[in-house]
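Novice: Take this structure first; my questions come after.
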Amino acid sequence: RDIIVFRSIVFACASGFVFGGCDTGETPRGRHCMMSVNMIRSIISKRRGIIAALIKQDLPDTCIDWIVEFVPESLSDAPIITSLLSEKGLLTATERLTAASAGLRIAVAHSVRGEVIAKMLVSVSTAVLMDSFTLVIDPIGVPVSILREENGQDVTNICREKMFRMIKTLSTVSPKNKDLKNEASITLAKIAALCKSENAVG
């Protein structure tokens, strides 16, 4: 029940809904409802696993952005997300990269609440990113049209979108957080080297 309530509120808030109405001159991202924020934070503080469960359900990026911005308690699910990403057979390639993208954003944004678990989540998320690189550039000898999900979505395009979001997140890591900054720098350097190598081959 909590997952249903949580998902419904997050969807509404990410769209700009505010209890009691709002100034129509404001943009959705420029306003939020503290009643909803407090309700969500209360649910997360009492129930572990909700964030991880919603990430598995492919929560839209706008909802992830809202959670990252307003729900620092989301980091409490870092160990569960880390475990989820560590088991390769539990998710499809796109689901795994999507979960890694969400996990990375949460870990980077709220690392001060738990540096050890945040670092573990960043490490496993970047490992997933590197494992998925071949899907981003198209596997050699495999026509792009073949790489589709059961619902018809283009796997390569989904993976590219998530990779670019993760690169953007890695580039925002504060230099003050030396461990995460080091992890981010190493990953970005690896991606740059792989891209250079692919360009040379192509």
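All residue names refer to the structure tokens as shown: chains lettered A, B, ... in order, residues numbered from 1 in each chain, ligands numbered from 1 in order.
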Give me, as a compact mmCIF listing (two decimals) with N, CA and C atoms, in the first residue's frame, the residues of chain A that a backbone DSSP run labels helix (DSSP H, G or I).
Specialist:
# COMPACT_ATOMS: atom_id res chain seq x y z
N ASP A 2 1.94 1.26 0.81
CA ASP A 2 2.81 2.42 0.89
C ASP A 2 3.44 2.74 -0.47
N ILE A 3 3.78 1.68 -1.22
CA ILE A 3 4.40 1.89 -2.53
C ILE A 3 3.42 2.59 -3.47
N ILE A 4 2.16 2.17 -3.43
CA ILE A 4 1.13 2.78 -4.29
C ILE A 4 0.95 4.25 -3.91
N VAL A 5 0.84 4.52 -2.61
CA VAL A 5 0.66 5.90 -2.13
C VAL A 5 1.87 6.74 -2.52
N PHE A 6 3.06 6.19 -2.28
CA PHE A 6 4.30 6.90 -2.58
C PHE A 6 4.38 7.24 -4.07
N ARG A 7 4.16 6.24 -4.90
CA ARG A 7 4.26 6.44 -6.35
C ARG A 7 3.26 7.50 -6.83
N SER A 8 2.04 7.44 -6.32
CA SER A 8 1.00 8.39 -6.73
C SER A 8 1.37 9.82 -6.36
N ILE A 9 1.87 10.00 -5.13
CA ILE A 9 2.24 11.34 -4.67
C ILE A 9 3.43 11.88 -5.45
N VAL A 10 4.42 11.02 -5.68
CA VAL A 10 5.61 11.45 -6.42
C VAL A 10 5.25 11.86 -7.84
N PHE A 11 4.40 11.06 -8.49
CA PHE A 11 3.97 11.41 -9.85
C PHE A 11 3.28 12.76 -9.86
N ALA A 12 2.40 12.98 -8.89
CA ALA A 12 1.66 14.24 -8.82
C ALA A 12 2.61 15.42 -8.57
N CYS A 13 3.50 15.24 -7.60
CA CYS A 13 4.41 16.33 -7.25
C CYS A 13 5.40 16.64 -8.36
N ALA A 14 5.87 15.61 -9.03
CA ALA A 14 6.81 15.82 -10.14
C ALA A 14 6.15 16.58 -11.28
N PRO A 28 6.10 23.98 -12.94
CA PRO A 28 6.03 22.82 -12.06
C PRO A 28 7.30 22.61 -11.24
N ARG A 29 8.49 22.78 -11.85
CA ARG A 29 9.73 22.57 -11.12
C ARG A 29 10.00 23.69 -10.12
N GLY A 30 9.27 24.81 -10.27
CA GLY A 30 9.53 25.93 -9.39
C GLY A 30 8.65 25.94 -8.15
N MET A 34 4.82 21.14 0.49
CA MET A 34 5.52 20.65 1.67
C MET A 34 4.73 19.55 2.39
N MET A 35 3.41 19.60 2.28
CA MET A 35 2.61 18.54 2.88
C MET A 35 2.95 17.20 2.24
N SER A 36 3.07 17.20 0.91
CA SER A 36 3.40 15.98 0.18
C SER A 36 4.84 15.55 0.47
N VAL A 37 5.74 16.52 0.49
CA VAL A 37 7.15 16.21 0.77
C VAL A 37 7.29 15.56 2.14
N ASN A 38 6.65 16.12 3.13
CA ASN A 38 6.74 15.58 4.50
C ASN A 38 6.13 14.18 4.58
N MET A 39 5.03 13.96 3.85
CA MET A 39 4.40 12.65 3.84
C MET A 39 5.33 11.60 3.23
N ILE A 40 5.96 11.97 2.11
CA ILE A 40 6.88 11.05 1.43
C ILE A 40 8.09 10.75 2.31
N ARG A 41 8.64 11.77 2.92
CA ARG A 41 9.83 11.57 3.76
C ARG A 41 9.50 10.70 4.98
N SER A 42 8.29 10.86 5.49
CA SER A 42 7.86 10.05 6.63
C SER A 42 7.74 8.58 6.24
N ILE A 43 7.17 8.32 5.06
CA ILE A 43 7.02 6.95 4.58
C ILE A 43 8.38 6.29 4.40
N ILE A 44 9.31 7.01 3.77
CA ILE A 44 10.64 6.46 3.49
C ILE A 44 11.41 6.18 4.77
N SER A 45 11.27 7.06 5.76
CA SER A 45 12.00 6.88 7.02
C SER A 45 11.51 5.65 7.79
N LYS A 46 10.26 5.23 7.54
CA LYS A 46 9.69 4.10 8.25
C LYS A 46 9.76 2.79 7.48
N ILE A 50 11.24 0.87 -0.47
CA ILE A 50 10.26 1.48 -1.38
C ILE A 50 10.94 2.10 -2.58
N ILE A 51 12.02 2.84 -2.35
CA ILE A 51 12.74 3.47 -3.46
C ILE A 51 13.27 2.41 -4.42
N ALA A 52 13.86 1.37 -3.87
CA ALA A 52 14.41 0.29 -4.70
C ALA A 52 13.32 -0.38 -5.52
N ALA A 53 12.16 -0.59 -4.90
CA ALA A 53 11.05 -1.23 -5.59
C ALA A 53 10.55 -0.38 -6.75
N LEU A 54 10.48 0.93 -6.54
CA LEU A 54 10.01 1.82 -7.60
C LEU A 54 11.04 1.96 -8.72
N ILE A 55 12.31 1.92 -8.37
CA ILE A 55 13.36 1.96 -9.38
C ILE A 55 13.25 0.74 -10.29
N LYS A 56 12.93 -0.41 -9.70
CA LYS A 56 12.75 -1.63 -10.50
C LYS A 56 11.58 -1.48 -11.46
N ASP A 61 12.20 9.60 -15.17
CA ASP A 61 13.32 10.45 -14.74
C ASP A 61 12.84 11.68 -13.99
N THR A 62 11.68 12.23 -14.38
CA THR A 62 11.16 13.41 -13.68
C THR A 62 10.85 13.10 -12.22
N CYS A 63 10.39 11.88 -11.97
CA CYS A 63 10.09 11.46 -10.60
C CYS A 63 11.38 11.22 -9.80
N ILE A 64 12.38 10.63 -10.48
CA ILE A 64 13.67 10.44 -9.83
C ILE A 64 14.27 11.79 -9.45
N ASP A 65 14.16 12.76 -10.37
CA ASP A 65 14.68 14.11 -10.11
C ASP A 65 14.00 14.71 -8.88
N TRP A 66 12.69 14.51 -8.77
CA TRP A 66 11.95 15.06 -7.64
C TRP A 66 12.39 14.40 -6.33
N ILE A 67 12.55 13.09 -6.36
CA ILE A 67 12.98 12.36 -5.17
C ILE A 67 14.37 12.82 -4.74
N VAL A 68 15.26 12.96 -5.70
CA VAL A 68 16.63 13.39 -5.40
C VAL A 68 16.62 14.78 -4.76
N GLU A 69 15.77 15.65 -5.27
CA GLU A 69 15.73 17.03 -4.79
C GLU A 69 15.10 17.17 -3.41
N PHE A 70 14.05 16.40 -3.15
CA PHE A 70 13.27 16.62 -1.93
C PHE A 70 13.30 15.51 -0.88
N PRO A 72 15.97 13.30 0.88
CA PRO A 72 17.31 12.82 1.21
C PRO A 72 17.31 11.44 1.86
N GLU A 73 16.18 11.07 2.49
CA GLU A 73 16.08 9.75 3.11
C GLU A 73 16.14 8.62 2.09
N SER A 74 16.05 8.96 0.81
CA SER A 74 16.12 7.94 -0.24
C SER A 74 17.44 7.17 -0.19
N LEU A 75 18.49 7.78 0.38
CA LEU A 75 19.78 7.11 0.46
C LEU A 75 19.72 5.88 1.37
N SER A 76 18.71 5.80 2.23
CA SER A 76 18.59 4.66 3.14
C SER A 76 18.40 3.35 2.38
N ASP A 77 17.95 3.45 1.12
CA ASP A 77 17.77 2.26 0.30
C ASP A 77 19.01 1.90 -0.50
N ALA A 78 20.10 2.64 -0.29
CA ALA A 78 21.33 2.40 -1.05
C ALA A 78 21.82 0.94 -0.97
N PRO A 79 21.83 0.30 0.21
CA PRO A 79 22.29 -1.09 0.28
C PRO A 79 21.41 -2.04 -0.55
N ILE A 80 20.10 -1.78 -0.58
CA ILE A 80 19.19 -2.63 -1.34
C ILE A 80 19.41 -2.43 -2.84
N ILE A 81 19.58 -1.18 -3.26
CA ILE A 81 19.83 -0.88 -4.67
C ILE A 81 21.17 -1.47 -5.10
N THR A 82 22.16 -1.37 -4.22
CA THR A 82 23.49 -1.95 -4.50
C THR A 82 23.39 -3.45 -4.71
N SER A 83 22.65 -4.12 -3.85
CA SER A 83 22.45 -5.56 -3.97
C SER A 83 21.72 -5.91 -5.26
N LEU A 84 20.72 -5.10 -5.59
CA LEU A 84 19.93 -5.32 -6.80
C LEU A 84 20.82 -5.23 -8.04
N LEU A 85 21.69 -4.24 -8.07
CA LEU A 85 22.57 -4.05 -9.22
C LEU A 85 23.69 -5.08 -9.29
N SER A 86 24.03 -5.65 -8.16
CA SER A 86 25.12 -6.62 -8.11
C SER A 86 24.73 -7.98 -8.68
N ALA A 93 19.12 -5.75 -19.26
CA ALA A 93 20.23 -4.79 -19.42
C ALA A 93 19.75 -3.35 -19.27
N THR A 94 18.62 -3.03 -19.87
CA THR A 94 18.11 -1.65 -19.78
C THR A 94 17.59 -1.34 -18.38
N GLU A 95 16.94 -2.30 -17.75
CA GLU A 95 16.45 -2.10 -16.38
C GLU A 95 17.62 -1.89 -15.43
N ARG A 96 18.68 -2.63 -15.64
CA ARG A 96 19.85 -2.53 -14.78
C ARG A 96 20.52 -1.16 -14.93
N LEU A 97 20.65 -0.68 -16.17
CA LEU A 97 21.27 0.62 -16.38
C LEU A 97 20.36 1.75 -15.88
N THR A 98 19.06 1.58 -16.03
CA THR A 98 18.10 2.56 -15.52
C THR A 98 18.18 2.66 -14.00
N ALA A 99 18.27 1.50 -13.34
CA ALA A 99 18.39 1.48 -11.88
C ALA A 99 19.72 2.08 -11.44
N ALA A 100 20.78 1.81 -12.21
CA ALA A 100 22.10 2.35 -11.89
C ALA A 100 22.10 3.88 -12.01
N SER A 101 21.40 4.39 -13.01
CA SER A 101 21.32 5.84 -13.20
C SER A 101 20.62 6.49 -12.01
N ALA A 102 19.51 5.91 -11.58
CA ALA A 102 18.77 6.44 -10.44
C ALA A 102 19.59 6.33 -9.16
N GLY A 103 20.21 5.17 -8.96
CA GLY A 103 21.02 4.96 -7.77
C GLY A 103 22.19 5.92 -7.69
N LEU A 104 22.82 6.17 -8.82
CA LEU A 104 23.96 7.09 -8.86
C LEU A 104 23.53 8.50 -8.47
N ARG A 105 22.40 8.96 -9.00
CA ARG A 105 21.91 10.29 -8.67
C ARG A 105 21.63 10.44 -7.18
N ILE A 106 21.00 9.42 -6.61
CA ILE A 106 20.68 9.46 -5.18
C ILE A 106 21.95 9.47 -4.34
N ALA A 107 22.91 8.61 -4.70
CA ALA A 107 24.15 8.50 -3.94
C ALA A 107 24.97 9.78 -3.99
N VAL A 108 25.08 10.37 -5.15
CA VAL A 108 25.87 11.60 -5.30
C VAL A 108 25.20 12.77 -4.58
N ALA A 109 23.90 12.87 -4.70
CA ALA A 109 23.17 14.00 -4.10
C ALA A 109 23.16 13.96 -2.57
N SER A 111 25.25 11.90 -0.42
CA SER A 111 26.38 11.14 0.15
C SER A 111 26.73 11.56 1.56
N VAL A 112 26.44 12.81 1.93
CA VAL A 112 26.78 13.29 3.28
C VAL A 112 25.98 12.56 4.35
N ARG A 113 24.88 11.94 3.97
CA ARG A 113 24.06 11.21 4.95
C ARG A 113 24.59 9.81 5.21
N GLU A 115 28.39 8.26 3.82
CA GLU A 115 29.45 8.22 2.80
C GLU A 115 29.83 6.81 2.39
N VAL A 116 29.82 5.88 3.32
CA VAL A 116 30.23 4.51 3.01
C VAL A 116 29.23 3.84 2.06
N ILE A 117 27.94 3.91 2.39
CA ILE A 117 26.94 3.25 1.53
C ILE A 117 26.79 4.00 0.21
N ALA A 118 27.01 5.32 0.24
CA ALA A 118 26.94 6.10 -1.00
C ALA A 118 28.07 5.69 -1.93
N LYS A 119 29.27 5.52 -1.37
CA LYS A 119 30.42 5.14 -2.19
C LYS A 119 30.21 3.76 -2.81
N MET A 120 29.65 2.84 -2.04
CA MET A 120 29.38 1.49 -2.56
C MET A 120 28.38 1.54 -3.72
N LEU A 121 27.35 2.37 -3.56
CA LEU A 121 26.34 2.48 -4.61
C LEU A 121 26.92 3.14 -5.86
N VAL A 122 27.76 4.15 -5.67
CA VAL A 122 28.41 4.80 -6.82
C VAL A 122 29.31 3.81 -7.55
N SER A 123 30.04 3.00 -6.81
CA SER A 123 30.97 2.03 -7.40
C SER A 123 30.23 0.99 -8.24
N VAL A 124 29.16 0.45 -7.70
CA VAL A 124 28.42 -0.58 -8.43
C VAL A 124 27.66 0.03 -9.60
N SER A 125 27.18 1.26 -9.45
CA SER A 125 26.46 1.94 -10.53
C SER A 125 27.39 2.23 -11.71
N THR A 126 28.60 2.71 -11.41
CA THR A 126 29.55 2.98 -12.49
C THR A 126 30.03 1.69 -13.14
N ALA A 127 30.08 0.61 -12.37
CA ALA A 127 30.46 -0.69 -12.93
C ALA A 127 29.41 -1.15 -13.94
N VAL A 128 28.14 -0.93 -13.60
CA VAL A 128 27.04 -1.27 -14.52
C VAL A 128 27.15 -0.43 -15.78
N LEU A 129 27.47 0.84 -15.61
CA LEU A 129 27.62 1.73 -16.76
C LEU A 129 28.69 1.22 -17.71
N MET A 130 29.83 0.82 -17.17
CA MET A 130 30.92 0.33 -18.01
C MET A 130 30.54 -1.00 -18.67
N ASP A 131 29.82 -1.86 -17.95
CA ASP A 131 29.38 -3.14 -18.51
C ASP A 131 28.39 -2.94 -19.66
N PHE A 133 28.36 -0.44 -21.81
CA PHE A 133 28.87 0.45 -22.85
C PHE A 133 28.65 -0.09 -24.26
N THR A 134 28.77 -1.39 -24.44
CA THR A 134 28.60 -1.97 -25.78
C THR A 134 27.17 -1.77 -26.29
N LEU A 135 26.21 -1.72 -25.39
CA LEU A 135 24.82 -1.49 -25.80
C LEU A 135 24.63 -0.04 -26.24
N VAL A 136 25.43 0.84 -25.67
CA VAL A 136 25.31 2.26 -26.00
C VAL A 136 25.83 2.56 -27.40
N VAL A 144 20.79 -2.52 -35.24
CA VAL A 144 20.14 -1.77 -34.17
C VAL A 144 18.66 -2.13 -34.03
N SER A 145 18.01 -2.42 -35.15
CA SER A 145 16.57 -2.71 -35.13
C SER A 145 16.23 -3.97 -34.33
N ILE A 146 17.22 -4.85 -34.15
CA ILE A 146 16.99 -6.09 -33.41
C ILE A 146 16.95 -5.84 -31.91
N VAL A 155 16.49 -0.47 -27.35
CA VAL A 155 17.43 -0.68 -26.25
C VAL A 155 18.59 0.29 -26.31
N THR A 156 19.15 0.47 -27.51
CA THR A 156 20.31 1.35 -27.66
C THR A 156 19.99 2.78 -27.26
N ASN A 157 18.84 3.29 -27.68
CA ASN A 157 18.46 4.67 -27.34
C ASN A 157 18.23 4.83 -25.84
N ILE A 158 17.61 3.83 -25.22
CA ILE A 158 17.38 3.89 -23.78
C ILE A 158 18.71 3.93 -23.04
N CYS A 159 19.63 3.04 -23.44
CA CYS A 159 20.93 2.97 -22.78
C CYS A 159 21.74 4.25 -22.98
N ARG A 160 21.64 4.83 -24.16
CA ARG A 160 22.35 6.08 -24.42
C ARG A 160 21.83 7.20 -23.53
N GLU A 161 20.51 7.27 -23.41
CA GLU A 161 19.90 8.30 -22.58
C GLU A 161 20.36 8.17 -21.13
N LYS A 162 20.36 6.94 -20.61
CA LYS A 162 20.77 6.72 -19.23
C LYS A 162 22.26 6.99 -19.05
N MET A 163 23.07 6.63 -20.06
CA MET A 163 24.50 6.88 -19.96
C MET A 163 24.79 8.37 -19.88
N PHE A 164 24.10 9.17 -20.70
CA PHE A 164 24.34 10.61 -20.69
C PHE A 164 23.90 11.23 -19.36
N ARG A 165 22.81 10.70 -18.80
CA ARG A 165 22.38 11.19 -17.47
C ARG A 165 23.42 10.86 -16.42
N MET A 166 24.00 9.67 -16.51
CA MET A 166 25.01 9.26 -15.53
C MET A 166 26.30 10.07 -15.69
N ILE A 167 26.67 10.35 -16.92
CA ILE A 167 27.86 11.18 -17.15
C ILE A 167 27.65 12.57 -16.56
N LYS A 168 26.44 13.12 -16.78
CA LYS A 168 26.13 14.44 -16.22
C LYS A 168 26.20 14.41 -14.70
N THR A 169 25.68 13.34 -14.09
CA THR A 169 25.72 13.21 -12.64
C THR A 169 27.15 13.11 -12.14
N LEU A 170 27.98 12.31 -12.80
CA LEU A 170 29.38 12.15 -12.40
C LEU A 170 30.14 13.47 -12.49
N LYS A 178 36.34 13.63 -1.92
CA LYS A 178 37.48 13.10 -2.66
C LYS A 178 37.25 11.68 -3.17
N ASP A 179 36.62 10.83 -2.36
CA ASP A 179 36.40 9.44 -2.76
C ASP A 179 35.48 9.35 -3.98
N LEU A 180 34.35 10.04 -3.91
CA LEU A 180 33.40 10.00 -5.02
C LEU A 180 33.96 10.71 -6.25
N LYS A 181 34.67 11.81 -6.01
CA LYS A 181 35.26 12.55 -7.12
C LYS A 181 36.29 11.69 -7.85
N ASN A 182 37.06 10.92 -7.09
CA ASN A 182 38.05 10.03 -7.69
C ASN A 182 37.37 8.95 -8.52
N GLU A 183 36.30 8.37 -7.96
CA GLU A 183 35.53 7.35 -8.68
C GLU A 183 34.94 7.92 -9.96
N ALA A 184 34.41 9.13 -9.87
CA ALA A 184 33.82 9.78 -11.03
C ALA A 184 34.87 10.07 -12.10
N SER A 185 36.01 10.56 -11.69
CA SER A 185 37.08 10.90 -12.64
C SER A 185 37.59 9.67 -13.37
N ILE A 186 37.75 8.58 -12.64
CA ILE A 186 38.23 7.33 -13.25
C ILE A 186 37.22 6.81 -14.27
N THR A 187 35.95 6.83 -13.90
CA THR A 187 34.90 6.35 -14.81
C THR A 187 34.81 7.20 -16.07
N LEU A 188 34.84 8.52 -15.90
CA LEU A 188 34.76 9.41 -17.05
C LEU A 188 35.97 9.24 -17.97
N ALA A 189 37.14 8.99 -17.37
CA ALA A 189 38.34 8.77 -18.17
C ALA A 189 38.22 7.46 -18.97
N LYS A 190 37.65 6.43 -18.35
CA LYS A 190 37.46 5.15 -19.03
C LYS A 190 36.49 5.30 -20.21
N ILE A 191 35.42 6.05 -19.98
CA ILE A 191 34.43 6.26 -21.04
C ILE A 191 35.06 7.03 -22.19
N ALA A 192 35.84 8.05 -21.86
CA ALA A 192 36.51 8.84 -22.90
C ALA A 192 37.45 7.97 -23.71
N ALA A 193 38.18 7.08 -23.04
CA ALA A 193 39.12 6.19 -23.73
C ALA A 193 38.38 5.22 -24.64
N LEU A 194 37.26 4.69 -24.17
CA LEU A 194 36.47 3.76 -24.98
C LEU A 194 35.89 4.46 -26.21
N CYS A 195 35.41 5.69 -26.02
CA CYS A 195 34.86 6.44 -27.14
C CYS A 195 35.95 6.74 -28.17
N LYS A 196 37.12 7.07 -27.68
CA LYS A 196 38.25 7.36 -28.58
C LYS A 196 38.63 6.12 -29.35
N SER A 197 38.62 4.98 -28.67
CA SER A 197 38.96 3.71 -29.30
C SER A 197 37.95 3.35 -30.38
N GLU A 198 36.67 3.56 -30.08
CA GLU A 198 35.62 3.24 -31.05
C GLU A 198 35.71 4.14 -32.27
N ASN A 199 36.04 5.41 -32.07
CA ASN A 199 36.18 6.34 -33.17
C ASN A 199 37.36 5.95 -34.08
N ALA A 200 38.42 5.48 -33.43
CA ALA A 200 39.61 5.07 -34.19
C ALA A 200 39.30 3.84 -35.05
N VAL A 201 38.54 2.90 -34.46
CA VAL A 201 38.17 1.69 -35.19
C VAL A 201 37.20 2.02 -36.32
Novice: Interatomic distance between CA of Arg1 in chain A and CA of His110 in chain A?
Specialist: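 Pair CA of Arg1 in chain A / CA of His110 in chain A returns 26.2 Å.
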Novice: CA of Cys33 in chain A and CA of Asp58 in chain A are how many Å apart?
Specialist: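 That distance, rounded to one decimal, is 23.8 Å.
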